[in-house]
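The next block is data34.tsv, given as TSV, C-alpha atoms.
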```
chain	number	residue	atom	x	y	z
A	1	MET	CA	-79.30	-25.74	-0.06
A	2	TYR	CA	-76.52	-25.72	2.48
A	3	PHE	CA	-76.18	-23.18	5.27
A	4	VAL	CA	-73.65	-22.31	7.94
A	5	VAL	CA	-74.96	-21.24	11.32
A	6	VAL	CA	-72.64	-19.27	13.59
A	7	ALA	CA	-73.93	-18.37	17.02
A	8	THR	CA	-72.33	-16.84	20.08
A	9	HIS	CA	-73.72	-16.99	23.59
A	10	LYS	CA	-74.14	-14.13	26.02
A	11	GLU	CA	-71.43	-14.31	28.68
A	12	GLU	CA	-73.98	-13.83	31.45
A	13	MET	CA	-75.95	-16.86	30.16
A	14	ARG	CA	-73.08	-19.33	30.68
A	15	GLN	CA	-74.90	-21.40	33.32
A	16	GLU	CA	-78.15	-21.46	31.33
A	17	ARG	CA	-76.25	-22.51	28.19
A	18	ALA	CA	-74.59	-25.35	30.10
A	19	ARG	CA	-77.96	-26.41	31.53
A	20	LEU	CA	-79.45	-26.57	28.01
A	21	GLN	CA	-76.52	-28.29	26.30
A	22	ASP	CA	-78.08	-31.78	26.35
A	23	ALA	CA	-81.45	-30.42	25.21
A	24	PHE	CA	-79.77	-28.63	22.30
A	25	ALA	CA	-77.89	-31.79	21.30
A	26	ALA	CA	-81.15	-33.76	21.39
A	27	TYR	CA	-82.88	-31.06	19.33
A	28	ILE	CA	-80.36	-31.12	16.49
A	29	HIS	CA	-80.41	-34.94	16.33
A	30	ASP	CA	-84.19	-35.46	16.59
A	31	LEU	CA	-85.64	-35.08	13.10
A	32	THR	CA	-89.22	-34.98	14.37
A	33	HIS	CA	-88.64	-31.34	15.35
A	34	HIS	CA	-87.32	-30.38	11.93
A	35	PRO	CA	-87.91	-33.00	9.20
A	36	ASP	CA	-86.72	-30.67	6.43
A	37	VAL	CA	-83.37	-29.87	8.07
A	38	THR	CA	-80.31	-32.13	8.13
A	39	VAL	CA	-77.38	-31.19	10.36
A	40	HIS	CA	-74.20	-32.42	8.66
A	41	HIS	CA	-71.53	-31.01	10.97
A	42	GLY	CA	-71.43	-29.07	14.18
A	43	GLY	CA	-69.37	-28.15	17.16
A	44	GLN	CA	-68.74	-25.64	19.89
A	45	THR	CA	-66.57	-22.57	19.52
A	46	LEU	CA	-64.16	-21.95	22.40
A	47	SER	CA	-62.44	-18.94	23.92
A	48	GLU	CA	-58.71	-18.70	23.24
A	49	ARG	CA	-58.00	-17.74	26.83
A	50	ASP	CA	-59.54	-20.57	28.84
A	51	LYS	CA	-61.25	-22.82	26.26
A	52	THR	CA	-64.74	-22.15	27.64
A	53	VAL	CA	-67.67	-22.55	25.26
A	54	THR	CA	-68.53	-19.29	23.50
A	55	GLY	CA	-70.99	-20.53	20.87
A	56	PHE	CA	-71.27	-23.02	18.04
A	57	VAL	CA	-71.03	-23.58	14.31
A	58	LEU	CA	-73.36	-25.86	12.34
A	59	VAL	CA	-73.41	-26.93	8.70
A	60	LEU	CA	-76.91	-27.83	7.71
A	61	GLU	CA	-79.06	-28.58	4.70
A	62	ALA	CA	-82.52	-27.06	4.35
A	63	PRO	CA	-84.88	-26.16	1.52
A	64	SER	CA	-84.58	-22.40	2.20
A	65	ILE	CA	-82.93	-19.86	4.45
A	66	GLU	CA	-86.30	-19.30	6.11
A	67	VAL	CA	-86.51	-22.96	7.14
A	68	ALA	CA	-82.90	-22.85	8.35
A	69	GLN	CA	-83.64	-19.73	10.41
A	70	GLU	CA	-86.78	-21.32	11.88
A	71	PHE	CA	-84.63	-24.30	12.91
A	72	VAL	CA	-82.20	-22.02	14.75
A	73	ASP	CA	-85.00	-19.93	16.29
A	74	GLY	CA	-86.73	-23.08	17.57
A	75	SER	CA	-83.66	-24.40	19.37
A	76	PRO	CA	-83.57	-24.57	23.17
A	77	TYR	CA	-80.76	-21.98	23.21
A	78	ALA	CA	-82.71	-19.46	21.14
A	79	ARG	CA	-85.92	-19.98	23.11
A	80	ALA	CA	-84.00	-19.35	26.36
A	81	GLY	CA	-82.37	-16.19	24.99
A	82	THR	CA	-78.76	-17.38	25.32
A	83	PHE	CA	-77.62	-15.95	21.97
A	84	ALA	CA	-75.67	-12.73	21.85
A	85	GLU	CA	-75.97	-13.14	18.09
A	86	SER	CA	-76.63	-15.80	15.49
A	87	HIS	CA	-76.21	-15.82	11.74
A	88	VAL	CA	-77.54	-18.18	9.09
A	89	CYS	CA	-75.63	-17.88	5.82
A	90	PRO	CA	-76.08	-19.73	2.52
A	91	TRP	CA	-72.97	-21.78	1.84
A	92	ASN	CA	-71.42	-23.13	-1.33
A	93	TRP	CA	-69.89	-26.34	-0.02
A	94	LEU	CA	-66.77	-27.11	-2.07
A	95	THR	CA	-64.66	-29.66	-0.16
A	96	GLY	CA	-65.46	-32.50	2.21
A	97	ARG	CA	-69.06	-32.59	0.99
A	98	PRO	CA	-71.04	-35.76	1.81
A	99	GLY	CA	-72.13	-37.99	-1.06
```
What would you get if you wrote out this structure as structure tokens?
Amino acid sequence: MYFVVVATHKEEMRQERARLQDAFAAYIHDLTHHPDVTVHHGGQTLSERDKTVTGFVLVLEAPSIEVAQEFVDGSPYARAGTFAESHVCPWNWLTGRPG
């Protein structure tokens, strides 16, 4: 199944988020942490005002929403408490799908 993850960071956690950015990138690319999850697309969301990072969006594939949620909850950002909110939603991928 495919899922979309949308997360926003707490404004007061900006420095911590920046400090963890490389660790988060390593986490989503290192399959040893999550062998059942494939991240297909991802990127940062930005503020309209000054283009600072406000969160991220990921498109991932996992066997269940529970596995997808565990993936998000195990990320360096989640463990550090940087999220103001995060949502994992099942997604019916219609265009631009790999394969």
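Minimum atom-to-atom distance to Glu12 (chain A), evaluated using all atoms listed in the file, belongs to A:Thr54 out of A:Ala62, A:Trp93, A:Thr54, A:Ile28.
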Open item on the list: Rounded to one decimal, what separation in Å do you get between CA of Glu16 (chain A) and CA of Glu85 (chain A)?
Closed with: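 Spanning CA of Glu16 (chain A) to CA of Glu85 (chain A) is a straight-line distance of 15.8 Å.
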Task: Pick from A:Asp30, A:Asp50, A:Glu66, A:Asp22 nearest to Phe3 (chain A), counting all atoms listed in the file - done: A:Glu66
TODO: May I ask for the distance between CA of Lys10 (chain A) and CA of Thr32 (chain A), given in Å to one decimal place?
DONE: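 Distance reported for this atom pair: 28.2 Å.
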Open item on the list: Using Å and a single decimal, report how far CA of Ile65 (chain A) sits from CA of Thr45 (chain A).
Closed with: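 Separating CA of Thr45 (chain A) from CA of Ile65 (chain A) is a distance of 22.4 Å.
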So which residues fall inside 7 Å of (-75.1, -25.4, 9.9) if we count all atoms listed in the file? Mind giving them as a short mmCIF file (atom, residue, chain, number, x, y, z; two decimals) with C-alpha atoms, in the coordinates of the input?
```
data_model
loop_
_atom_site.label_atom_id
_atom_site.label_comp_id
_atom_site.auth_asym_id
_atom_site.auth_seq_id
_atom_site.Cartn_x
_atom_site.Cartn_y
_atom_site.Cartn_z
CA PHE A 3 -76.18 -23.18 5.27
CA VAL A 4 -73.65 -22.31 7.94
CA VAL A 5 -74.96 -21.24 11.32
CA VAL A 39 -77.38 -31.19 10.36
CA HIS A 41 -71.53 -31.01 10.97
CA GLY A 42 -71.43 -29.07 14.18
CA VAL A 57 -71.03 -23.58 14.31
CA LEU A 58 -73.36 -25.86 12.34
CA VAL A 59 -73.41 -26.93 8.70
CA LEU A 60 -76.91 -27.83 7.71
#
```
- [ ] Name all residues at most 12 Å from Thr52 (chain A) (count only C-alpha atoms; drop same-chain ones fewer than 4 positions away) and give them as a ChimeraX atom specification.
- [x] /A:8-9,11,14-15,17-18,44-48,56
- [ ] Compile the contact shell of Val72 (chain A) as a PyMOL selection string: residues with an atom at most 9 Å away, counting only C-alpha atoms, same-chain residues fewer than 5 positions apart removed.
- [x] chain A and resi 5+67+77-78+86+88
TODO: Identify which of the residues A:Phe83, A:Tyr2, A:Phe24, A:Trp91 lies closest to Gly55 (chain A), counting all atoms listed in the file when measuring atom-to-atom distances.
DONE: A:Phe83
Can you tell me, as AutoDock Vina command-line options, the centre and edge lengths (Å, one decimal) of the axis-aligned box enclosing all of region 10-17 of chain A's listed atoms after padding each side by 3 Å?
```
--center_x -74.8 --center_y -18.2 --center_z 29.7 --size_x 12.7 --size_y 14.7 --size_z 13.3
```
